[in-house]
file target30.txt (compact mmCIF, C-alpha atoms)
# COMPACT_ATOMS: atom_id res chain seq x y z
CA MET A 1 0.00 0.00 0.00
CA ALA A 2 1.32 3.43 -0.91
CA TYR A 3 1.59 6.04 1.80
CA SER A 4 0.95 9.68 0.94
CA ASP A 5 3.89 12.14 0.99
CA LYS A 6 2.52 13.74 4.14
CA VAL A 7 2.36 10.42 5.98
CA ILE A 8 5.92 9.61 4.93
CA ASP A 9 7.10 13.08 6.01
CA HIS A 10 5.54 12.72 9.48
CA TYR A 11 6.76 9.14 9.75
CA GLU A 12 10.35 9.94 8.82
CA ASN A 13 10.47 13.24 10.73
CA PRO A 14 7.94 12.81 13.51
CA ARG A 15 7.22 16.06 15.35
CA ASN A 16 7.19 16.25 19.13
CA VAL A 17 8.11 12.69 20.06
CA GLY A 18 8.54 12.18 23.80
CA GLY A 19 6.63 12.89 26.95
CA PHE A 20 6.11 15.03 30.03
CA ASP A 21 5.84 14.12 33.71
CA LYS A 22 2.33 12.73 33.98
CA ASN A 23 2.10 13.82 37.63
CA ASP A 24 2.58 17.49 36.72
CA PRO A 25 -0.84 19.16 37.34
CA ASN A 26 -0.49 21.07 34.04
CA VAL A 27 0.08 17.88 32.06
CA ALA A 28 -2.81 15.91 30.54
CA THR A 29 -2.19 12.34 29.41
CA GLY A 30 -4.31 10.43 26.90
CA MET A 31 -3.65 6.75 26.36
CA VAL A 32 -5.53 4.84 23.69
CA GLY A 33 -5.13 1.58 21.80
CA ALA A 34 -6.65 -0.03 18.71
CA PRO A 35 -7.26 -3.76 19.15
CA ALA A 36 -7.64 -4.27 15.38
CA CYS A 37 -3.93 -3.64 14.81
CA GLY A 38 -2.47 -3.58 18.34
CA ASP A 39 -1.38 0.06 18.01
CA VAL A 40 -0.81 1.97 21.24
CA MET A 41 -0.75 5.78 21.41
CA LYS A 42 0.17 8.16 24.24
CA LEU A 43 -0.57 11.85 23.78
CA GLN A 44 0.46 14.40 26.41
CA LEU A 45 -0.55 18.04 26.50
CA LYS A 46 1.02 20.81 28.57
CA ILE A 47 -1.78 23.17 29.47
CA SER A 48 -1.38 26.70 30.82
CA ASP A 49 -3.42 27.94 33.80
CA ALA A 50 -5.49 29.88 31.26
CA GLY A 51 -6.45 26.58 29.59
CA ILE A 52 -4.32 26.92 26.46
CA ILE A 53 -2.30 24.00 25.12
CA GLU A 54 1.29 25.25 25.16
CA ASP A 55 3.07 22.08 24.11
CA ALA A 56 2.29 18.52 23.06
CA LYS A 57 4.27 15.28 22.89
CA PHE A 58 3.43 11.81 21.70
CA LYS A 59 4.69 8.28 21.72
CA THR A 60 3.07 5.81 19.36
CA TYR A 61 3.79 2.17 18.69
CA GLY A 62 2.10 1.28 15.46
CA CYS A 63 2.10 1.65 11.70
CA GLY A 64 3.18 4.69 9.69
CA SER A 65 -0.35 6.09 9.56
CA ALA A 66 -0.77 5.89 13.34
CA ILE A 67 2.56 7.64 13.89
CA ALA A 68 1.76 10.31 11.28
CA SER A 69 -1.73 10.89 12.76
CA SER A 70 -0.37 11.46 16.25
CA SER A 71 2.53 13.59 15.01
CA LEU A 72 0.11 15.81 13.05
CA VAL A 73 -2.19 16.15 16.06
CA THR A 74 0.65 17.43 18.28
CA GLU A 75 1.21 20.21 15.73
CA TRP A 76 -2.47 21.07 15.44
CA VAL A 77 -3.32 21.29 19.13
CA LYS A 78 -0.57 23.73 20.06
CA GLY A 79 -1.96 27.18 20.85
CA LYS A 80 -5.52 25.88 20.99
CA SER A 81 -7.88 25.97 23.97
CA LEU A 82 -9.17 22.63 25.25
CA ASP A 83 -12.54 23.31 23.63
CA GLU A 84 -10.92 24.07 20.28
CA ALA A 85 -8.73 20.97 20.50
CA SER A 86 -11.74 18.79 21.25
CA GLN A 87 -13.25 19.94 17.93
CA ILE A 88 -10.52 18.17 15.91
CA LYS A 89 -12.19 15.33 14.02
CA ASN A 90 -10.69 12.13 12.68
CA THR A 91 -11.99 13.09 9.24
CA ASP A 92 -9.79 16.25 9.32
CA ILE A 93 -6.75 14.14 10.15
CA ALA A 94 -7.56 11.50 7.53
CA GLN A 95 -8.09 14.18 4.90
CA GLU A 96 -4.88 16.08 5.69
CA LEU A 97 -2.83 12.87 5.51
CA ALA A 98 -4.83 11.37 2.60
CA LEU A 99 -5.32 8.15 4.57
CA PRO A 100 -6.83 5.22 2.67
CA PRO A 101 -10.06 3.69 4.10
CA VAL A 102 -8.23 0.78 5.79
CA LYS A 103 -6.18 3.31 7.81
CA ILE A 104 -9.07 5.49 8.98
CA HIS A 105 -8.93 3.79 12.39
CA CYS A 106 -5.49 5.40 12.90
CA SER A 107 -7.06 8.85 12.66
CA ILE A 108 -9.89 7.74 14.97
CA LEU A 109 -7.24 6.67 17.45
CA ALA A 110 -5.59 10.11 17.29
CA GLU A 111 -8.92 11.89 17.82
CA ASP A 112 -9.69 9.61 20.77
CA ALA A 113 -6.23 10.34 22.21
CA ILE A 114 -7.03 14.09 22.31
CA LYS A 115 -10.36 13.36 24.00
CA ALA A 116 -8.72 11.00 26.51
CA ALA A 117 -6.10 13.65 27.36
CA ILE A 118 -8.75 16.32 27.87
CA ASP A 119 -10.77 13.94 30.08
CA ASP A 120 -7.63 13.26 32.10
CA TYR A 121 -7.06 17.00 32.59
CA LYS A 122 -10.67 17.54 33.67
CA THR A 123 -10.46 14.65 36.13
CA LYS A 124 -7.22 16.04 37.53
CA HIS A 125 -8.79 19.47 38.06
CA SER A 126 -12.25 18.50 39.22
CA SER A 127 -11.29 17.90 42.83
CA MET B 1 -24.43 -25.63 10.18
CA ASN B 2 -22.11 -23.51 12.28
CA PHE B 3 -18.33 -23.99 12.42
CA PHE B 4 -18.48 -26.02 15.63
CA GLU B 5 -21.12 -28.37 14.25
CA ILE B 6 -18.96 -29.09 11.21
CA PHE B 7 -16.49 -30.79 13.56
CA ASN B 8 -19.20 -32.22 15.79
CA PHE B 9 -18.31 -29.95 18.72
CA GLU B 10 -20.54 -28.07 21.12
CA PRO B 11 -20.13 -24.29 20.67
CA ASP B 12 -17.70 -23.86 23.54
CA PHE B 13 -14.60 -21.66 23.90
CA ASN B 14 -12.72 -24.43 25.69
CA LEU B 15 -12.01 -26.70 22.77
CA ASP B 16 -9.44 -29.46 22.51
CA VAL B 17 -7.23 -28.25 19.67
CA ASN B 18 -5.73 -31.72 19.16
CA SER B 19 -9.10 -33.33 18.47
CA LEU B 20 -10.02 -30.32 16.31
CA SER B 21 -6.93 -30.96 14.17
CA ALA B 22 -7.63 -34.69 13.99
CA ARG B 23 -11.26 -34.18 12.91
CA TYR B 24 -10.13 -31.51 10.44
CA LYS B 25 -7.72 -33.94 8.78
CA ASP B 26 -10.42 -36.63 8.52
CA LEU B 27 -12.89 -34.23 6.92
CA GLN B 28 -10.27 -32.75 4.64
CA ARG B 29 -9.49 -36.23 3.37
CA ALA B 30 -13.16 -37.09 2.90
CA PHE B 31 -13.88 -34.00 0.81
CA HIS B 32 -10.58 -33.79 -1.04
CA PRO B 33 -11.09 -33.20 -4.82
CA ASP B 34 -9.16 -36.43 -5.50
CA GLN B 35 -12.03 -38.39 -3.91
CA TYR B 36 -14.39 -36.84 -6.47
CA ALA B 37 -12.32 -37.42 -9.60
CA SER B 38 -15.01 -39.62 -11.15
CA ALA B 39 -18.00 -37.70 -9.73
CA ASN B 40 -20.25 -35.47 -11.85
CA GLU B 41 -19.79 -31.68 -12.02
CA SER B 42 -22.41 -30.76 -9.44
CA GLN B 43 -21.00 -33.28 -6.96
CA LYS B 44 -17.52 -31.89 -7.58
CA LEU B 45 -18.77 -28.37 -6.94
CA LEU B 46 -20.51 -29.40 -3.73
CA ALA B 47 -17.39 -31.15 -2.47
CA LEU B 48 -15.31 -28.08 -3.26
CA GLN B 49 -17.72 -25.83 -1.36
CA LYS B 50 -17.64 -28.22 1.57
CA ALA B 51 -13.82 -28.33 1.52
CA THR B 52 -13.69 -24.52 1.54
CA GLU B 53 -16.14 -24.37 4.44
CA ILE B 54 -14.07 -26.91 6.38
CA ASN B 55 -10.92 -24.84 5.85
CA ASP B 56 -12.66 -21.63 6.96
CA ALA B 57 -14.08 -23.36 10.02
CA TYR B 58 -10.73 -24.82 10.99
CA ALA B 59 -8.88 -21.52 10.56
CA THR B 60 -11.52 -19.74 12.68
CA LEU B 61 -11.63 -22.25 15.52
CA LYS B 62 -7.89 -22.91 15.71
CA SER B 63 -6.96 -19.49 17.09
CA THR B 64 -8.45 -18.43 20.42
CA VAL B 65 -9.03 -14.84 19.21
CA SER B 66 -11.07 -15.79 16.14
CA ARG B 67 -12.81 -18.62 18.04
CA ALA B 68 -13.97 -16.16 20.71
CA GLU B 69 -14.97 -13.61 18.05
CA TYR B 70 -16.97 -16.31 16.28
CA LEU B 71 -18.77 -17.33 19.50
CA LEU B 72 -19.61 -13.67 20.14
CA LYS B 73 -20.89 -13.35 16.58
CA LEU B 74 -23.16 -16.38 17.15
CA VAL B 75 -24.82 -14.45 20.01
CA GLY B 76 -25.07 -11.30 17.89
CA LEU B 77 -21.98 -9.34 18.96
CA ASP B 78 -19.70 -8.77 15.96
CA ILE B 79 -16.37 -7.32 17.07
CA SER B 80 -14.17 -8.73 14.30
CA HIS B 81 -14.20 -5.59 12.13
CA GLU B 82 -14.74 -2.93 14.77
CA THR B 83 -12.68 0.23 15.15
CA THR B 84 -13.32 0.52 18.88
CA THR B 85 -10.66 2.31 20.88
CA VAL B 86 -9.44 0.73 24.11
CA LYS B 87 -9.13 3.34 26.88
CA ASP B 88 -8.26 1.27 29.95
CA PRO B 89 -5.26 3.32 31.21
CA SER B 90 -3.55 0.67 33.33
CA PHE B 91 -3.76 -1.91 30.55
CA LEU B 92 -2.42 0.57 28.00
CA MET B 93 0.35 1.73 30.32
CA GLN B 94 1.45 -1.89 30.55
CA GLN B 95 1.28 -2.22 26.76
CA MET B 96 3.54 0.85 26.44
CA GLU B 97 5.97 -0.74 28.89
CA TYR B 98 5.92 -4.00 26.91
CA ARG B 99 6.68 -2.09 23.69
CA GLU B 100 9.54 -0.27 25.41
CA LYS B 101 10.83 -3.60 26.68
CA LEU B 102 10.74 -4.95 23.15
CA GLU B 103 12.83 -1.98 22.00
CA ASP B 104 15.30 -2.52 24.84
CA ILE B 105 15.63 -6.20 24.01
CA SER B 106 16.32 -5.48 20.35
CA ALA B 107 19.18 -3.20 21.43
CA LEU B 108 20.88 -5.93 23.49
CA SER B 109 24.01 -7.57 22.08
CA ASP B 110 22.86 -11.00 23.25
CA PRO B 111 19.07 -10.78 23.51
CA TYR B 112 18.33 -14.52 23.48
CA ASP B 113 17.64 -15.01 27.21
CA ALA B 114 15.62 -11.80 27.40
CA ILE B 115 13.49 -12.93 24.44
CA ILE B 116 12.73 -16.29 26.08
CA GLU B 117 11.84 -14.60 29.36
CA PHE B 118 9.57 -12.08 27.64
CA GLU B 119 7.91 -14.88 25.68
CA GLN B 120 7.06 -16.64 28.94
CA GLU B 121 5.68 -13.44 30.41
CA LEU B 122 3.40 -12.94 27.40
CA GLU B 123 2.30 -16.58 27.44
CA GLN B 124 1.26 -16.13 31.06
CA GLU B 125 -0.69 -13.00 30.12
CA GLN B 126 -2.28 -14.85 27.20
CA ALA B 127 -3.32 -17.78 29.43
CA GLU B 128 -4.93 -15.42 31.95
CA LEU B 129 -6.89 -13.57 29.26
CA GLU B 130 -8.02 -16.83 27.66
CA ALA B 131 -9.22 -18.09 31.05
CA THR B 132 -11.17 -14.83 31.46
CA ILE B 133 -12.71 -15.15 28.00
CA GLY B 134 -13.82 -18.74 28.71
CA ARG B 135 -15.29 -17.76 32.07
CA GLU B 136 -17.16 -14.68 30.81
CA LEU B 137 -18.55 -16.50 27.77
CA LYS B 138 -19.79 -19.30 29.99
CA SER B 139 -21.62 -16.84 32.24
CA ALA B 140 -23.01 -14.98 29.17
CA HIS B 141 -21.11 -11.78 30.08
CA TYR B 142 -20.52 -11.01 26.42
CA GLU B 143 -19.27 -7.43 26.77
CA GLN B 144 -16.70 -8.51 29.37
CA ALA B 145 -15.66 -11.38 27.11
CA ALA B 146 -15.31 -8.95 24.18
CA ASN B 147 -13.08 -6.69 26.28
CA ALA B 148 -10.79 -9.58 27.13
CA VAL B 149 -10.64 -10.55 23.42
CA ARG B 150 -9.60 -6.98 22.56
CA LYS B 151 -6.81 -7.17 25.14
CA LEU B 152 -5.74 -10.57 23.84
CA LYS B 153 -5.29 -9.03 20.38
CA PHE B 154 -2.66 -6.66 21.78
CA ILE B 155 -0.80 -9.57 23.36
CA LYS B 156 -0.95 -11.53 20.08
CA LYS B 157 0.48 -8.53 18.25
CA LEU B 158 3.35 -8.33 20.73
CA GLN B 159 4.01 -12.05 20.30
CA VAL B 160 4.23 -11.58 16.52
CA GLU B 161 6.71 -8.73 16.98
CA LEU B 162 8.75 -10.77 19.43
CA GLU B 163 8.84 -13.72 17.03
CA ARG B 164 10.04 -11.42 14.28
CA LEU B 165 12.79 -10.19 16.57
CA GLU B 166 13.75 -13.76 17.43
CA ASP B 167 13.99 -14.59 13.70
CA GLU B 168 16.23 -11.59 13.11
CA VAL B 169 18.49 -12.59 15.99
CA SER B 170 18.82 -16.21 14.90
CA ASP B 171 19.68 -15.12 11.35
CA ILE B 172 22.89 -13.52 12.55
call {"tool": "encode", "arguments": {"input": "target30.txt", "output": "structure tokens"}}
result
Amino acid sequence: MAYSDKVIDHYENPRNVGGFDKNDPNVATGMVGAPACGDVMKLQLKISDAGIIEDAKFKTYGCGSAIASSSLVTEWVKGKSLDEASQIKNTDIAQELALPPVKIHCSILAEDAIKAAIDDYKTKHSS
Amino acid sequence: MNFFEIFNFEPDFNLDVNSLSARYKDLQRAFHPDQYASANESQKLLALQKATEINDAYATLKSTVSRAEYLLKLVGLDISHETTTVKDPSFLMQQMEYREKLEDISALSDPYDAIIEFEQELEQEQAELEATIGRELKSAHYEQAANAVRKLKFIKKLQVELERLEDEVSDI
């Protein structure tokens, strides 16, 4: 299967690989996995007290499309509020990376990772 | 006729794989095209369809993941083509650690012992999940069974990766 140029670019030069201290109150962690292919994705957001995403890091074990989807998402969420970030849809990711239908679940995984991170942040700050 | 009935089994997750293989070989022989060399065209076609069905049934029942998925499908829960995301943090954290371990092992100069040890760890994990699947299916807790199947798929994926690593190492 042929990968698009954008997928290859993100795969070969992934942006923002790594992580933050998950115990930092300003850090939100989203962990998700896709049983269909065994891919595991960790997305971490560093969120300012004003609720703006200042930085993002990811670590993904999976195929090129899963890595590219999470790499792209770390670029997109920076500078956004949590509400804005939660508006990112898997269809936007799939379209930007020109993902074929069999790889759509990789973009779903990336969208779910953002949601999981935001949920984690809300849980951390609810008490 | 469902896949279990083809081999004269009750639809049960706990299946003796040795008797499955033995019954498969018997059926395969009985419906082999060679047995139908002198039969007419419609008999040949029927035998071919039967042989294909037998192969599909065997492939499905042989692996615990597809066997469990098939049993769930029989009760109306089709998870074989789903795009569900697993969100259980402690399970995923452990998966991350396993993947990191796999990376560490591949960087070792003599990874053989570490590979064997990791294989045993994953086999243990696999056995526990399979026991859970059997138990939950028996008590008709289908969603819980489905969750354990999803987790088992991650373990299977790791085992494939580990086998690949072992092949690479033994090639040197």
call {"tool": "residues_around", "arguments": {"input": "target30.txt", "residues": "A:Val7", "least_positions_apart": "6", "cutoff": "9 Å", "atoms": "all atoms listed in the file", "output": "list in words"}}
result
Gly64, Ser65, Ile67, Ala68, Ser69, Leu97, Ala98 and Leu99 of chain A
call {"tool": "closest_residue", "arguments": {"input": "target30.txt", "among": "B:Ala131, B:Val65, B:Ile116, B:Leu108", "to": "chain A", "atoms": "only C-alpha atoms"}}
result
B:Val65
call {"tool": "interface_residues", "arguments": {"input": "target30.txt", "of": "chain B", "to": "chain A", "cutoff": "6 Å", "atoms": "all atoms listed in the file", "output": "MDAnalysis selection string"}}
result
chainID B and resid 83 85:87 150 153:154 157
call {"tool": "write_last_selection", "arguments": {"input": "target30.txt", "atoms": "C-alpha atoms", "output": "PDB file, in the coordinates of the input"}}
result
ATOM      1  CA  THR B  83     -12.680   0.230  15.150  1.00  0.00           C
ATOM      2  CA  THR B  85     -10.660   2.310  20.880  1.00  0.00           C
ATOM      3  CA  VAL B  86      -9.440   0.730  24.110  1.00  0.00           C
ATOM      4  CA  LYS B  87      -9.130   3.340  26.880  1.00  0.00           C
ATOM      5  CA  ARG B 150      -9.600  -6.980  22.560  1.00  0.00           C
ATOM      6  CA  LYS B 153      -5.290  -9.030  20.380  1.00  0.00           C
ATOM      7  CA  PHE B 154      -2.660  -6.660  21.780  1.00  0.00           C
ATOM      8  CA  LYS B 157       0.480  -8.530  18.250  1.00  0.00           C
TER       9      LYS B 157
END
call {"tool": "closest_residue", "arguments": {"input": "target30.txt", "among": "A:Glu96, A:Glu12, A:Glu54, A:Asp5", "to": "A:Lys80", "atoms": "only C-alpha atoms"}}
result
A:Glu54
call {"tool": "residues_around", "arguments": {"input": "target30.txt", "residues": "B:Glu136", "least_positions_apart": "3", "cutoff": "12 Å", "atoms": "all atoms listed in the file", "output": "PyMOL selection string"}}
result
chain B and resi 12-14+68+71-72+129-133+139-149
call {"tool": "atom_distance", "arguments": {"input": "target30.txt", "atom1": "atom CA of A:Ile118", "atom2": "atom CA of A:Ala28"}}
result
6.5 Å
